[in-house]
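These notes are about the structure you will find just below.
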Amino acid sequence: MNKKKISGADLAFRIFNSIFMIVFVVVTLYPVLNTLAVSLNDGTDALRGGIYLIPRLFTWKNYSTVLQKDNLMIGAVVTVARTIIGTALALVTNAILAFIVSRKNFAFSKPISLFWVITMYVNGGLIPTFLLYKTLGLTNSFMVYVIPGMLSAFNMLVIRTYMKGIPDSLEESAQLDGAGYTTIFLKIISPLCKPVYATVALFVAVGQWNSWFDAMLYNRMSDNLTTLQYELMKLLSSVTNQSASVESMKNAGGSVTPTSVRAAATIITMLPIICIYPFLQRYFVTGLTLGGVKE
Amino acid sequence: MKKKIVSAILVAAMLGTMLTGCGSKASAKGSEAGKDGIKEFTAFFAVPGSEINDDNEVQQLIAEKTGVKVKETWLTGQTAEEAIGTLIAGGEYPDFVEAGSGSVQMYEAGALVALDDYLDKYPNIKEFFTDQEWDSLRQSDGHIYWIPQFSNIYGEERECTHNDEAFWIQARVLKWAGYPKIETMDEYFDLIERYNEANPTLEDGTANIPYTILCDDWRYFCLENAGEFLDGYPNDGSVIVDPEAKKIIDYNTTPTTKKYFEKLNEEYKKGIVDPESFTQTYDEYIAKLSTGRVLGMVDQWWDFSNNAEDAIKTAGLDEQGCQYIPLGLTIEKGMHNQWHNSGGIVNVSSGLAITTSCQDVEGALQFVNDLLGQEVHDLRFWGVKDVDYKVGDDGMYYRTPEMRKQLADTAYKASHSCSYSYFPQWLGTSRDGKNAMKPEGQEQEFYDGLSDAVKECFDAYGVKTYVEMLGTSPAPGPWYPMYTYSSTMTTATPGGTAWTQMGEIKHQYLPKVVMADNFEAGWNEYMDAYNACKPEDFISEMQTELERRITEAAKYN
Amino acid sequence: MSSTSSTAIPMPAAKAEKKKKKNISVADLKHQKVLLIWSVILTIYGVIFYYLPLGGWLMAFQNYKPRTGLLGSEFVGMKKFAMLFSDVTFLRVIRNTLAMGIINLIVTFVMAIVFALLLNEVASKGGKKVVQTISYLPHFLSWIIVTGILHDALSGTGIINQVLMNFHVISQPINFFAHEQYFWPIVAFANVWKETGWNAIIYLAAITSIDPSLYEAAAIDGAGRWAKIRHVTLPSLKPTIMILLLMNVGNVLNAGFEIQYLLGNGLVQNVSQTIDIYVLKWGISQGDYSLGTAAGIFKSVVSIVLIVFFNHMAKRHGEERLF
């Protein structure tokens, strides 16, 4: 893609593109930096508004409030576990299903696809789902985090689309060599699917990392199955509640507020993702050295 | 061959994880005594609340005294109805529950234990209500299932803050005018206008916002219901009750309410009412108040005091007199105002209940009984002696500034304080006859916490508390307050449907009425939409309830 | 994009599939045994976790009470549906939901693709990485934070009004949240702001799979930047774009809840309320579980009809499709 000569139009494009990217970065970075600034500012002081990029009254208090939350460590361990196990399970099952329905000479590809597409648009509701999980023994168990959402039509279809782009000739020649579907899946298709696997892994992992509703609904009574986000949600709601006590009004000692604690909690949950992201990013941005599929 | 083995293993693993479910089953909950001889109960409250740490110190002290510890969980990210619906569907309950608006559902599902047979055995619970009050809690089957926890006064009432609604005005405005007696809405707005003309900015040059109105979502009471108070009626919430004729009056259509909105419309046109009133969020409203720019508004104290008032003090704006003083306004001069009512309120619609999953009902009730004992009650609300409060030579409890500061810290509270805040509790005077049941009722504690500007203002008016600023009246009758009924209404009845519909229409039209170029036209348009909701259905259901309450109360005279 | 791409580009090659009906023989099935086994297992999973809970749809035809449960509640037939469709408010929230759903779909969709394409054209690898990393970060902010910032920016003294006034576009600050005409664009902007970078990830991943030799070949043919985007990148992305478009079309009635709830107010409630907000107000908050279920069934039916229709259209045009 290296161009030796830069034409006028090309230069204009580059300039336009750079400006676009700079504007885009500024606009998307602002809310994040603003959240960071609020998280480092005294909560009561922040109520007055007017905090943009730099804290006005610096404090670590919001962070210490969050980090002192009881059960935070258990929540973090469970969250890491569910993220790893949940992502692995989801990746394997979605990839298998996508592989099946992307086989052109498999008779049931279409009905199976339709069967899964429908699942995206129907929902039995909270109570029937709750009853089902209870019957299956999923309540008060770790399994409820990784089993129910494991296979999802969206992720499956994303992988399927990618797999369909891989030339049939690869599969055909492998079959001539006597390879079965298991071998084709593991040895031929999957290695080529790394970018899409990384994408789906990212989607699933982020979903797992951020989820708390299942912990609240199904494992409310099991402290050792709490998740990071659920603990943070509880903290937020208790900070909100705290300001409803008449007692605290007499104390002007710079306390935390829902807004400031939420900001700190948001930054804390974002950090691990920002740290891990570069390892996945090479699949989306730099491009594979392999550069697509060799025939 | 190898591939088959691989796939077989994968299949087996999949099936295994899918079918066995496994994971740690919840340990059989209930009330078995733990290793240290302390029973553990569970509780779920269908309201948002603060969870305390497992190793909470006061909770441990209470456990040592009572032999019981309760693991509390709160509503998070769901509505009460959803949470209770799921609970009932699942059929397994915590030992204690406060189901909020789902209480009747819990009762109908047969999930609650009838308490009336037990009451005589627990003197502290028994004395919590009078016989009449206990009877008012009976459900359709004649049994009592829940105990309302709040607003119950022991001995003499001790109340310093006016926690409810009022027209608030900054102390600096009153000071500038020489602390005049402000009785009517017209005087109030006149004062704000004059002050703003003379002092359009704060010391730092920020322009004042003379009057703002919070309208965000359910908080639009700051706009809509001042009419009932201006007419001299107390906070029945959804309606006015004519105490003579025993008739329900719809305050939305009274001449006073119309005058109130006409006044707001007039002030809006003059630029006195904040043009962003109807689009601001709660956070933006608090931000405005916190900068000290807002001269006045209608609000309930709890809605702004703990954040905005704190922020004003933190920024040192209290020295400029930016804190708020309540005024008991009426529409005409010389009317009696009832912005503040004395006495307790039994909110019969929900309370603490014990579920059928509880295996030790007597132990649970014994614990509730113990919580109401003075010693444990002090632990819950005052804390640990010499750590959270000190006792003066005269036997009065007080706190040092350090103690107050410490108790405002979220993390400290989570690890130290434990008020079992949704278990029954007293207001009023302690059984020692001196102290208040809760610190916020302790007059000296209260006065010491005030800033100089507020003290000066109170002194000028010859009062000591917010409540005295307004004056106080007893509850007008046995029906009071009617909102305990309207808050339980649902679309299952025509009245409830009308009530929900009326709320929607008011939300939409009242801002337009205030902003209307032609007030009369705007008001008429609003009235047309309002009357289309069939408010008469709502009023007639309220009338029925009013009469029921009066008949019920008559049995005890 | 025809001849070159179908021979050399992997992705479009797929959709060029010839419609050959194969006769399935017993031998084929035997060979496909492993596929069949897994299909059965995964279908059982799907039935259990996605289709069994649909028994809850019974609720829509009942006066459901938790006390009596699904099996014991009184049946009321189509009453809940009749209630919904006789209420002008419900018809209005359908309009709002559809309008916002469609606007959001178009705007977020186009923005994500444009962003992915432009990012791909950034020459510096480091720059690319940095921009991409920053672009997805707002995805992790909750709506309450994003709407808070948006409220600030659009307030009377906010940056938007200040800029407009400095450039003399307006003489008085605009109260953006007081006028119905601004509401849908604000919601669309908020969605773009929060999700563009995140949504672009799928396209970026798809772009990485394009064979560089295609670009080289195009360059030899004298293709400029635009020609390469038009004839190489976009055709390669097309299957992905089609699939995502089809899936999202089915979601137009899921225009959201939180953002409208947080940005709306009494003055704009005619245009701000969505089906989900309606269900909360008139169903769940009233202890009426059936109403929400009825609205949910309505949404599902609409989604499936849309999907089937558009899938059929895609089929007719020989494009990638869902099933």
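Chains: A, B, ... in order of the structure tokens. Residues: from 1 per chain. Ligands: from 1, in order shown.
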What are the closest atom pairs, with distances in Å to one decimal, for all residues of chain C lying within 7 Å of chain B? Consider only C-alpha atoms, order rows by chain and residue number, and present the result as a tab-separated table.
residue	atom	partner	partner_atom	distance
C:Pro66	CA	B:Gly85	CA	5.9
C:Arg67	CA	B:Ala109	CA	4.1
C:Gly69	CA	B:Ala89	CA	6.9
C:Phe177	CA	B:Thr279	CA	5.8
C:Ala178	CA	B:Thr279	CA	6.1
C:Asn265	CA	B:Thr279	CA	6.1
C:Gly266	CA	B:Gln508	CA	4.4
C:Leu267	CA	B:Gln508	CA	5.5
C:Gln269	CA	B:Gln508	CA	6.9
C:Ile284	CA	B:Glu81	CA	6.6
C:Ser285	CA	B:Glu81	CA	6.7
C:Gln286	CA	B:Thr490	CA	4.9
C:Gly287	CA	B:Glu81	CA	6.0
_chain C contacts on chain A, only C-alpha atoms, 7 Å, as a VMD selection string_ = chain A and resid 1 17 25 28 to 29 31 to 32 100 110 113 to 114 118 to 119 121 to 125 128 to 129 132 148 161 164 to 167 195 to 196 199 266 270 283 to 288 291 to 293
*What separation in Å, quoted to one decimal, exists between CA of Tyr230 (chain A) and CA of Val261 (chain A)?*
14.2 Å
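Among A:Ala46, A:Val256, A:Ile184, A:Ala263, the residue with the shortest atom-to-atom distance to Ala408 (chain B), counting only C-alpha atoms, is A:Val256.
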*Quick one: residues within 12 Å of region 132-148 of chain B, only C-alpha atoms counted, chain neighbours fewer than 5 positions away excluded, as a PyMOL selection string?*
chain B and resi 96-100+103-108+110-120+125-127+344-356+365+368-369+422-426+478-479+484+548-557
_Could you pull out the helix (DSSP H, G or I) residues of region 13-222 of chain A, going by DSSP on the backbone, and write them as a ChimeraX atom specification?_
/A:13-39,43-46,61-67,72-101,109-119,126-135,143-146,153-164,168-176,181-192,194-210,213-218
*So, counting only C-alpha atoms, which residue among A:Ile267, A:Ile189, A:Ile127, A:Leu176 is closest to chain B?*
A:Ile127
*Which one is closest to chain A: B:Ile38, B:Ala63, B:Ala315, B:Val70? Count only C-alpha atoms.*
B:Ala315
*Taking only C-alpha atoms into account, which residues of chain B are within 7 Å of chain A, as a PyMOL selection string?*
chain B and resi 3+21-26+48-51+53+76+86+89-90+286-288+290-291+302+305-307+310-311+313-314+404-405+408-411+440+449
Would you put the residues from that selection into a file with N, CA and C atoms, as a CSV table (one decimal), in the first residue's frame?
chain,number,residue,atom,x,y,z
B,3,LYS,N,-9.5,-37.7,16.2
B,3,LYS,CA,-10.5,-36.6,16.1
B,3,LYS,C,-11.8,-37.0,16.8
B,21,GLY,N,-25.5,-28.8,36.1
B,21,GLY,CA,-25.7,-27.6,36.8
B,21,GLY,C,-24.7,-27.3,37.8
B,22,CYS,N,-24.6,-28.1,38.7
B,22,CYS,CA,-23.5,-28.1,39.8
B,22,CYS,C,-23.3,-26.7,40.4
B,23,GLY,N,-22.0,-26.4,40.7
B,23,GLY,CA,-21.7,-25.2,41.4
B,23,GLY,C,-22.1,-25.3,42.9
B,24,SER,N,-21.8,-24.3,43.6
B,24,SER,CA,-22.1,-24.5,45.1
B,24,SER,C,-23.6,-24.2,45.3
B,25,LYS,N,-24.2,-25.1,45.9
B,25,LYS,CA,-25.6,-24.9,46.2
B,25,LYS,C,-25.7,-23.9,47.4
B,26,ALA,N,-26.7,-23.1,47.5
B,26,ALA,CA,-26.8,-22.2,48.6
B,26,ALA,C,-26.9,-23.0,49.9
B,48,PRO,N,-33.9,0.7,47.7
B,48,PRO,CA,-32.4,0.8,47.6
B,48,PRO,C,-31.9,1.1,49.0
B,49,GLY,N,-30.8,0.5,49.4
B,49,GLY,CA,-30.2,0.8,50.7
B,49,GLY,C,-28.8,0.5,50.8
B,50,SER,N,-28.2,0.9,51.9
B,50,SER,CA,-26.7,0.7,52.0
B,50,SER,C,-26.4,-0.7,52.7
B,51,GLU,N,-25.7,-1.4,52.1
B,51,GLU,CA,-25.2,-2.7,52.6
B,51,GLU,C,-24.1,-2.4,53.6
B,53,ASN,N,-20.8,-3.9,55.9
B,53,ASN,CA,-19.7,-5.0,55.8
B,53,ASN,C,-20.1,-6.2,56.7
B,76,THR,N,-31.6,-3.6,44.0
B,76,THR,CA,-30.6,-3.0,43.1
B,76,THR,C,-31.0,-3.1,41.7
B,86,THR,N,-40.4,-11.9,41.2
B,86,THR,CA,-39.5,-13.0,41.1
B,86,THR,C,-39.4,-13.8,42.3
B,89,ALA,N,-42.4,-16.0,42.5
B,89,ALA,CA,-42.3,-17.1,41.5
B,89,ALA,C,-41.4,-18.2,42.0
B,90,GLY,N,-40.3,-17.7,42.6
B,90,GLY,CA,-39.3,-18.7,43.0
B,90,GLY,C,-39.7,-19.5,44.3
B,286,ILE,N,-29.3,20.4,41.5
B,286,ILE,CA,-28.5,20.4,42.7
B,286,ILE,C,-27.2,21.2,42.4
B,287,ALA,N,-26.7,21.2,41.2
B,287,ALA,CA,-25.5,22.0,40.9
B,287,ALA,C,-25.8,23.5,41.0
B,288,LYS,N,-27.0,23.9,40.5
B,288,LYS,CA,-27.4,25.3,40.6
B,288,LYS,C,-27.5,25.7,42.1
B,290,SER,N,-26.1,24.4,44.6
B,290,SER,CA,-24.8,24.3,45.2
B,290,SER,C,-23.9,25.5,45.0
B,291,THR,N,-24.1,26.1,43.9
B,291,THR,CA,-23.3,27.3,43.6
B,291,THR,C,-23.9,28.5,44.3
B,302,TRP,N,-35.4,16.9,52.4
B,302,TRP,CA,-34.5,15.8,52.2
B,302,TRP,C,-34.0,15.7,50.7
B,305,SER,N,-31.2,18.9,50.9
B,305,SER,CA,-30.4,19.3,52.0
B,305,SER,C,-29.0,18.6,52.1
B,306,ASN,N,-29.0,17.3,51.8
B,306,ASN,CA,-27.8,16.5,52.0
B,306,ASN,C,-26.8,16.7,51.0
B,307,ASN,N,-27.1,17.1,49.8
B,307,ASN,CA,-26.1,17.4,48.8
B,307,ASN,C,-25.9,18.9,48.6
B,310,ASP,N,-24.8,20.8,51.8
B,310,ASP,CA,-23.4,20.4,52.1
B,310,ASP,C,-22.4,21.1,51.2
B,311,ALA,N,-22.8,21.1,49.9
B,311,ALA,CA,-21.9,21.8,49.0
B,311,ALA,C,-21.7,23.3,49.2
B,313,LYS,N,-21.9,24.7,52.1
B,313,LYS,CA,-21.0,24.8,53.2
B,313,LYS,C,-19.6,24.6,52.9
B,314,THR,N,-19.4,23.5,52.0
B,314,THR,CA,-18.0,23.2,51.6
B,314,THR,C,-17.4,24.4,50.9
B,404,ARG,N,-18.7,13.7,64.3
B,404,ARG,CA,-19.7,14.0,63.2
B,404,ARG,C,-19.1,13.7,61.8
B,405,LYS,N,-17.8,14.2,61.7
B,405,LYS,CA,-17.1,14.0,60.5
B,405,LYS,C,-16.9,12.5,60.1
B,408,ALA,N,-19.9,10.7,58.8
B,408,ALA,CA,-20.3,11.0,57.5
B,408,ALA,C,-19.6,10.3,56.4
B,409,ASP,N,-18.6,9.5,56.9
B,409,ASP,CA,-17.7,8.8,55.9
B,409,ASP,C,-18.3,7.5,55.6
B,410,THR,N,-18.5,7.3,54.2
B,410,THR,CA,-19.2,6.1,53.8
B,410,THR,C,-18.5,4.8,54.2
B,411,ALA,N,-17.2,4.8,54.1
B,411,ALA,CA,-16.5,3.6,54.4
B,411,ALA,C,-16.6,3.3,55.9
B,440,GLU,N,-30.8,13.2,65.3
B,440,GLU,CA,-31.3,14.4,64.6
B,440,GLU,C,-32.4,15.1,65.4
B,449,GLY,N,-24.8,22.3,65.0
B,449,GLY,CA,-24.4,22.0,63.7
B,449,GLY,C,-24.8,23.1,62.7
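Going from CA of Phe167 (chain B) to CA of Tyr211 (chain B) covers 10.4 Å.
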_Using only C-alpha atoms: which of A:Met120, A:Leu170, A:Ala153, A:Ala98 has the shortest distance to Tyr197 (chain A)_ = A:Ala98
